[in-house]
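Visitor: Take a look at start23.pdb, PDB, C-alpha atoms, pLDDT in the B column:
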ATOM      1  CA  MET A 182     -11.209 117.194  79.349  1.00 79.00           C
ATOM      2  CA  SER A 183     -14.866 118.169  78.971  1.00 88.00           C
ATOM      3  CA  ILE A 184     -17.669 116.373  80.716  1.00 91.00           C
ATOM      4  CA  LYS A 185     -18.940 115.032  77.378  1.00 90.00           C
ATOM      5  CA  ALA A 186     -15.521 113.533  76.597  1.00 91.00           C
ATOM      6  CA  LYS A 187     -15.405 111.953  80.070  1.00 90.00           C
ATOM      7  CA  GLN A 188     -18.848 110.429  79.546  1.00 92.00           C
ATOM      8  CA  VAL A 189     -17.873 109.015  76.134  1.00 92.00           C
ATOM      9  CA  ALA A 190     -14.652 107.604  77.595  1.00 92.00           C
ATOM     10  CA  GLY A 191     -16.557 106.067  80.519  1.00 92.00           C
ATOM     11  CA  VAL A 192     -19.210 104.462  78.316  1.00 94.00           C
ATOM     12  CA  THR A 193     -16.554 103.190  75.885  1.00 95.00           C
ATOM     13  CA  THR A 194     -14.528 101.698  78.748  1.00 95.00           C
ATOM     14  CA  LEU A 195     -17.642 100.059  80.172  1.00 95.00           C
ATOM     15  CA  VAL A 196     -18.590  98.551  76.790  1.00 96.00           C
ATOM     16  CA  VAL A 197     -15.051  97.261  76.233  1.00 96.00           C
ATOM     17  CA  ALA A 198     -14.980  95.703  79.703  1.00 96.00           C
ATOM     18  CA  ILE A 199     -18.370  94.016  79.229  1.00 96.00           C
ATOM     19  CA  VAL A 200     -17.410  92.677  75.790  1.00 96.00           C
ATOM     20  CA  ALA A 201     -14.101  91.361  77.151  1.00 95.00           C
ATOM     21  CA  VAL A 202     -15.765  89.598  80.090  1.00 94.00           C
ATOM     22  CA  LEU A 203     -18.495  88.066  77.927  1.00 95.00           C
ATOM     23  CA  SER A 204     -15.951  86.966  75.307  1.00 92.00           C
ATOM     24  CA  GLY A 205     -13.856  85.299  77.996  1.00 87.00           C
ATOM     25  CA  TYR A 206     -16.935  83.562  79.379  1.00 90.00           C
ATOM     26  CA  HIS A 207     -17.939  82.397  75.894  1.00 91.00           C
ATOM     27  CA  LEU A 208     -14.468  81.009  75.158  1.00 87.00           C
ATOM     28  CA  SER A 209     -14.431  79.261  78.518  1.00 84.00           C
ATOM     29  CA  THR A 210     -17.810  77.572  77.982  1.00 87.00           C
ATOM     30  CA  LEU A 211     -16.811  76.670  74.430  1.00 87.00           C
ATOM     31  CA  SER A 212     -13.621  74.962  75.645  1.00 85.00           C
ATOM     32  CA  VAL A 213     -15.620  73.022  78.268  1.00 86.00           C
ATOM     33  CA  PHE A 214     -18.063  71.915  75.568  1.00 89.00           C
ATOM     34  CA  LEU A 215     -15.299  70.846  73.172  1.00 86.00           C
ATOM     35  CA  LEU A 216     -13.440  68.899  75.840  1.00 86.00           C
ATOM     36  CA  ASP A 217     -16.644  67.151  76.923  1.00 87.00           C
ATOM     37  CA  GLU A 218     -17.389  66.253  73.306  1.00 88.00           C
ATOM     38  CA  THR A 219     -13.867  64.888  72.840  1.00 86.00           C
ATOM     39  CA  ALA A 220     -14.194  62.871  76.048  1.00 87.00           C
ATOM     40  CA  SER A 221     -17.460  61.368  74.808  1.00 88.00           C
ATOM     41  CA  ARG A 222     -15.916  60.495  71.449  1.00 88.00           C
ATOM     42  CA  ALA A 223     -12.867  58.938  73.126  1.00 87.00           C
ATOM     43  CA  GLU A 224     -15.080  56.897  75.479  1.00 89.00           C
ATOM     44  CA  LEU A 225     -17.136  55.640  72.544  1.00 89.00           C
ATOM     45  CA  LEU A 226     -14.004  54.661  70.626  1.00 88.00           C
ATOM     46  CA  SER A 227     -12.518  52.984  73.681  1.00 88.00           C
ATOM     47  CA  SER A 228     -15.706  51.043  74.399  1.00 89.00           C
ATOM     48  CA  ALA A 229     -15.989  49.907  70.779  1.00 90.00           C
ATOM     49  CA  MET A 230     -12.413  48.604  70.813  1.00 89.00           C
ATOM     50  CA  PHE A 231     -12.978  46.941  74.176  1.00 89.00           C
ATOM     51  CA  GLN A 232     -16.108  45.143  72.979  1.00 90.00           C
ATOM     52  CA  ARG A 233     -14.456  44.010  69.744  1.00 90.00           C
ATOM     53  CA  ALA A 234     -11.385  42.795  71.623  1.00 87.00           C
ATOM     54  CA  ARG A 235     -13.616  40.752  73.952  1.00 87.00           C
ATOM     55  CA  GLU A 236     -14.905  38.901  70.891  1.00 87.00           C
ATOM     56  CA  VAL A 237     -11.556  38.525  69.128  1.00 87.00           C
ATOM     57  CA  VAL A 238      -9.215  37.369  71.893  1.00 84.00           C
ATOM     58  CA  PRO A 239     -11.058  34.108  72.720  1.00 83.00           C
ATOM     59  CA  SER A 240     -10.791  33.087  69.050  1.00 79.00           C
ATOM     60  CA  LYS A 241      -6.980  32.779  69.353  1.00 80.00           C
ATOM     61  CA  PRO A 242      -6.177  32.178  73.018  1.00 78.00           C
ATOM     62  CA  THR A 243      -2.631  31.046  72.189  1.00 82.00           C
ATOM     63  CA  ASN A 244      -1.707  34.355  70.521  1.00 84.00           C
ATOM     64  CA  PRO A 245      -4.150  37.114  71.506  1.00 86.00           C
ATOM     65  CA  TYR A 246      -1.828  39.908  70.343  1.00 86.00           C
ATOM     66  CA  ALA A 247      -1.798  38.536  66.794  1.00 86.00           C
ATOM     67  CA  ALA A 248      -5.585  38.151  66.926  1.00 87.00           C
ATOM     68  CA  LEU A 249      -5.957  41.819  67.892  1.00 87.00           C
ATOM     69  CA  ARG A 250      -3.457  42.985  65.283  1.00 87.00           C
ATOM     70  CA  GLU A 251      -5.038  41.020  62.423  1.00 87.00           C
ATOM     71  CA  ASP A 252      -8.729  41.549  63.149  1.00 88.00           C
ATOM     72  CA  GLY A 253     -10.590  43.585  60.543  1.00 88.00           C
ATOM     73  CA  GLY A 254     -13.025  45.034  63.099  1.00 89.00           C
ATOM     74  CA  ILE A 255     -10.214  46.332  65.311  1.00 89.00           C
ATOM     75  CA  ARG A 256      -8.503  47.737  62.207  1.00 89.00           C
ATOM     76  CA  SER A 257     -11.686  49.581  61.195  1.00 90.00           C
ATOM     77  CA  ILE A 258     -12.141  51.079  64.653  1.00 89.00           C
ATOM     78  CA  LEU A 259      -8.498  52.196  64.748  1.00 88.00           C
ATOM     79  CA  ALA A 260      -8.743  53.690  61.246  1.00 87.00           C
ATOM     80  CA  SER A 261     -11.873  55.614  62.182  1.00 85.00           C
ATOM     81  CA  SER A 262     -10.040  57.230  65.096  1.00 82.00           C
ATOM     82  CA  ILE A 263      -7.724  59.266  62.870  1.00 82.00           C
ATOM     83  CA  GLY A 264     -10.563  61.028  61.064  1.00 72.00           C
ATOM     84  CA  SER A 265     -11.237  63.276  64.044  1.00 71.00           C
ATOM     85  CA  GLU A 266      -9.454  66.577  64.531  1.00 73.00           C
ATOM     86  CA  SER A 267      -9.456  66.167  68.306  1.00 78.00           C
ATOM     87  CA  ILE A 268      -8.199  62.561  68.501  1.00 83.00           C
ATOM     88  CA  THR A 269      -4.619  62.040  67.380  1.00 83.00           C
ATOM     89  CA  TYR A 270      -4.600  58.241  67.245  1.00 85.00           C
ATOM     90  CA  ALA A 271      -5.873  55.114  68.929  1.00 88.00           C
ATOM     91  CA  ALA A 272      -3.847  52.066  69.863  1.00 89.00           C
ATOM     92  CA  ILE A 273      -3.893  48.854  71.824  1.00 89.00           C
ATOM     93  CA  VAL A 274      -0.704  48.438  73.837  1.00 89.00           C
ATOM     94  CA  ASN A 275       0.688  45.620  75.930  1.00 87.00           C
ATOM     95  CA  PRO A 276       1.606  46.109  79.613  1.00 86.00           C
ATOM     96  CA  GLU A 277       5.119  47.225  78.613  1.00 88.00           C
ATOM     97  CA  GLY A 278       3.711  50.073  76.484  1.00 87.00           C
ATOM     98  CA  ILE A 279       4.487  48.494  73.091  1.00 90.00           C
ATOM     99  CA  ALA A 280       1.833  49.080  70.417  1.00 89.00           C
ATOM    100  CA  ILE A 281       0.102  45.827  69.496  1.00 89.00           C
ATOM    101  CA  ALA A 282      -2.386  47.445  67.131  1.00 89.00           C
ATOM    102  CA  HIS A 283      -2.160  51.089  66.123  1.00 89.00           C
ATOM    103  CA  ALA A 284      -4.118  53.445  63.872  1.00 88.00           C
ATOM    104  CA  PHE A 285      -0.840  53.906  61.960  1.00 88.00           C
ATOM    105  CA  ALA A 286       0.423  50.395  61.164  1.00 85.00           C
ATOM    106  CA  ALA A 287       4.028  51.626  60.934  1.00 87.00           C
ATOM    107  CA  ARG A 288       3.987  52.348  64.676  1.00 90.00           C
ATOM    108  CA  GLU A 289       3.058  48.805  65.678  1.00 88.00           C
ATOM    109  CA  GLY A 290       5.780  47.128  67.687  1.00 89.00           C
ATOM    110  CA  LEU A 291       7.151  50.477  68.852  1.00 91.00           C
ATOM    111  CA  PRO A 292       6.847  51.853  72.382  1.00 92.00           C
ATOM    112  CA  LEU A 293       4.259  54.566  72.867  1.00 89.00           C
ATOM    113  CA  PRO A 294       5.146  57.398  75.222  1.00 87.00           C
ATOM    114  CA  GLU A 295       2.866  57.653  78.217  1.00 86.00           C
ATOM    115  CA  GLN A 296       0.814  60.851  78.221  1.00 87.00           C
ATOM    116  CA  ASP A 297      -1.076  62.667  80.953  1.00 85.00           C
ATOM    117  CA  PRO A 298      -4.581  61.299  81.573  1.00 87.00           C
ATOM    118  CA  PHE A 299      -7.324  63.081  79.657  1.00 87.00           C
ATOM    119  CA  ASP A 300      -9.501  63.122  82.782  1.00 86.00           C
ATOM    120  CA  SER A 301      -7.050  65.543  84.392  1.00 85.00           C
ATOM    121  CA  ILE A 302      -7.941  68.248  81.873  1.00 86.00           C
ATOM    122  CA  VAL A 303     -11.647  67.348  81.536  1.00 86.00           C
ATOM    123  CA  ASN A 304     -12.127  67.642  85.300  1.00 87.00           C
ATOM    124  CA  ALA A 305     -10.049  70.829  85.626  1.00 86.00           C
ATOM    125  CA  SER A 306     -11.431  74.307  86.188  1.00 87.00           C
ATOM    126  CA  PRO A 307     -12.827  76.183  83.168  1.00 83.00           C
ATOM    127  CA  LEU A 308      -9.889  78.611  83.211  1.00 83.00           C
ATOM    128  CA  THR A 309      -7.373  75.746  83.171  1.00 85.00           C
ATOM    129  CA  GLN A 310      -9.299  74.113  80.336  1.00 84.00           C
ATOM    130  CA  LEU A 311      -9.321  77.350  78.371  1.00 80.00           C
ATOM    131  CA  ARG A 312      -5.553  77.720  78.814  1.00 83.00           C
ATOM    132  CA  ALA A 313      -5.036  74.108  77.734  1.00 81.00           C
ATOM    133  CA  VAL A 314      -7.169  74.522  74.622  1.00 78.00           C
ATOM    134  CA  LEU A 315      -5.702  77.857  73.544  1.00 79.00           C
ATOM    135  CA  TYR A 316      -2.051  77.699  74.561  1.00 81.00           C
ATOM    136  CA  SER A 317      -1.044  74.106  75.250  1.00 79.00           C
ATOM    137  CA  ASP A 318       0.184  71.708  72.600  1.00 79.00           C
ATOM    138  CA  ARG A 319       0.070  68.666  74.874  1.00 81.00           C
ATOM    139  CA  THR A 320      -1.327  65.255  74.101  1.00 82.00           C
ATOM    140  CA  TYR A 321      -3.528  63.498  76.629  1.00 85.00           C
ATOM    141  CA  GLU A 322      -4.627  59.889  76.684  1.00 87.00           C
ATOM    142  CA  LEU A 323      -7.578  57.821  77.719  1.00 86.00           C
ATOM    143  CA  ARG A 324      -6.615  54.361  78.984  1.00 84.00           C
ATOM    144  CA  GLN A 325      -8.899  51.422  79.435  1.00 82.00           C
ATOM    145  CA  PRO A 326      -7.391  48.219  80.809  1.00 81.00           C
ATOM    146  CA  LEU A 327      -8.134  45.088  78.809  1.00 75.00           C
ATOM    147  CA  LEU A 328      -7.635  42.057  81.008  1.00 68.00           C
ATOM    148  CA  ALA A 329      -8.071  38.457  79.912  1.00 62.00           C
ATOM    149  CA  GLY A 330     -10.831  36.689  81.813  1.00 58.00           C
TER     150      GLY A 330
END
In structure tokens, write the structure found in this file.
Guide:
Amino acid sequence: MSIKAKQVAGVTTLVVAIVAVLSGYHLSTLSVFLLDETASRAELLSSAMFQRAREVVPSKPTNPYAALREDGGIRSILASSIGSESITYAAIVNPEGIAIAHAFAAREGLPLPEQDPFDSIVNASPLTQLRAVLYSDRTYELRQPLLAG
């Protein structure tokens, strides 16, 4: 192999390595950004439901689950949750894990499977986040306790 061919091969290898490293870095920072954005959106949705529930439950203290299920504001918040490509659904569940109010009304009254906490992936290393975004098909959840009083 001539010296010119070795130089071309060396420069080509160096360019490929630099492009690969920068592409990996870009994908990693992009996954961190997307997960942070999803966390912000989930927190906003959770806070909106929490605030609306605080107003609705005192109106029917004898049957708070029915009040939550029938409230138009809660219904609107739940319906808005399914318009996002990063949020699968939103629901209000009782302590036994049964859906009281759900973005999909057909799932109300059914048990919801418990998922891994979303914080576990948001607070993970960038490489773990990148793997989760690219290769994992898992569902994570954000829970906010809603306690009477």
Visitor: At a cut-off of 7 Å, using all atoms listed in the file, what residues contact Val213 in chain A? Leave out same-chain residues fewer than 4 positions from it and give the result as a list of chain:residue names.
Guide: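 Near neighbours after the sequence-gap exclusion: A:Ser209, A:Asp217, A:Pro307, A:Gln310.
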Visitor: Any chance you could work out the residue set of the PyMOL selection byres ((chain A and resi 327) around 12) here, as a list in words?
Guide: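 On this input, the PyMOL selection byres ((chain A and resi 327) around 12) captures Ser227, Ser228, Met230, Phe231, Gln232, Arg233, Ala234, Arg235, Val238, Pro245, Tyr246, Leu249, Ile273, Val274, Asn275, Pro276, Arg324, Gln325, Pro326, Leu328, Ala329 and Gly330 of chain A.
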Visitor: With only C-alpha atoms as the counted atoms, please give the residues lying no more than 7 Å from range 259-271 of chain A, apart from itself and same-chain residues fewer than 2 positions off, as a PyMOL selection string.
Guide: chain A and resi 219+255-257+283-284
Visitor: Dig up all the protein and nucleic acid residues within 10 Å of (8.9, 43.9, 67.4) in the file frame, using only C-alpha atoms, and format them as a ChimeraX atom specification.
Guide: /A:279-281,289-292
Visitor: Could you tell me which residues the PyMOL selection byres ((chain A and resi 323) around 9) grabs in this file, written as a list in words?
Guide: Ala220, Ala223, Glu224, Ser227, Gln296, Asp297, Pro298, Phe299, Asp300, Tyr321, Glu322, Arg324 and Gln325 of chain A
Visitor: Take the PyMOL selection byres ((chain A and resi 313-318) around 10), run it mentally on this structure, and tell me the resulting residues as a list in words.
Guide: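 Answer for the PyMOL selection byres ((chain A and resi 313-318) around 10): Leu208, Ser209, Leu211, Ser212, Val213, Leu215, Leu216, Ile302, Ala305, Pro307, Leu308, Thr309, Gln310, Leu311, Arg312, Arg319, Thr320 and Tyr321 of chain A.
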Visitor: Could you tell me how far CA of Gly205 in chain A sits from CA of Ala186 in chain A, in Å to one decimal place?
Guide: 28.3 Å
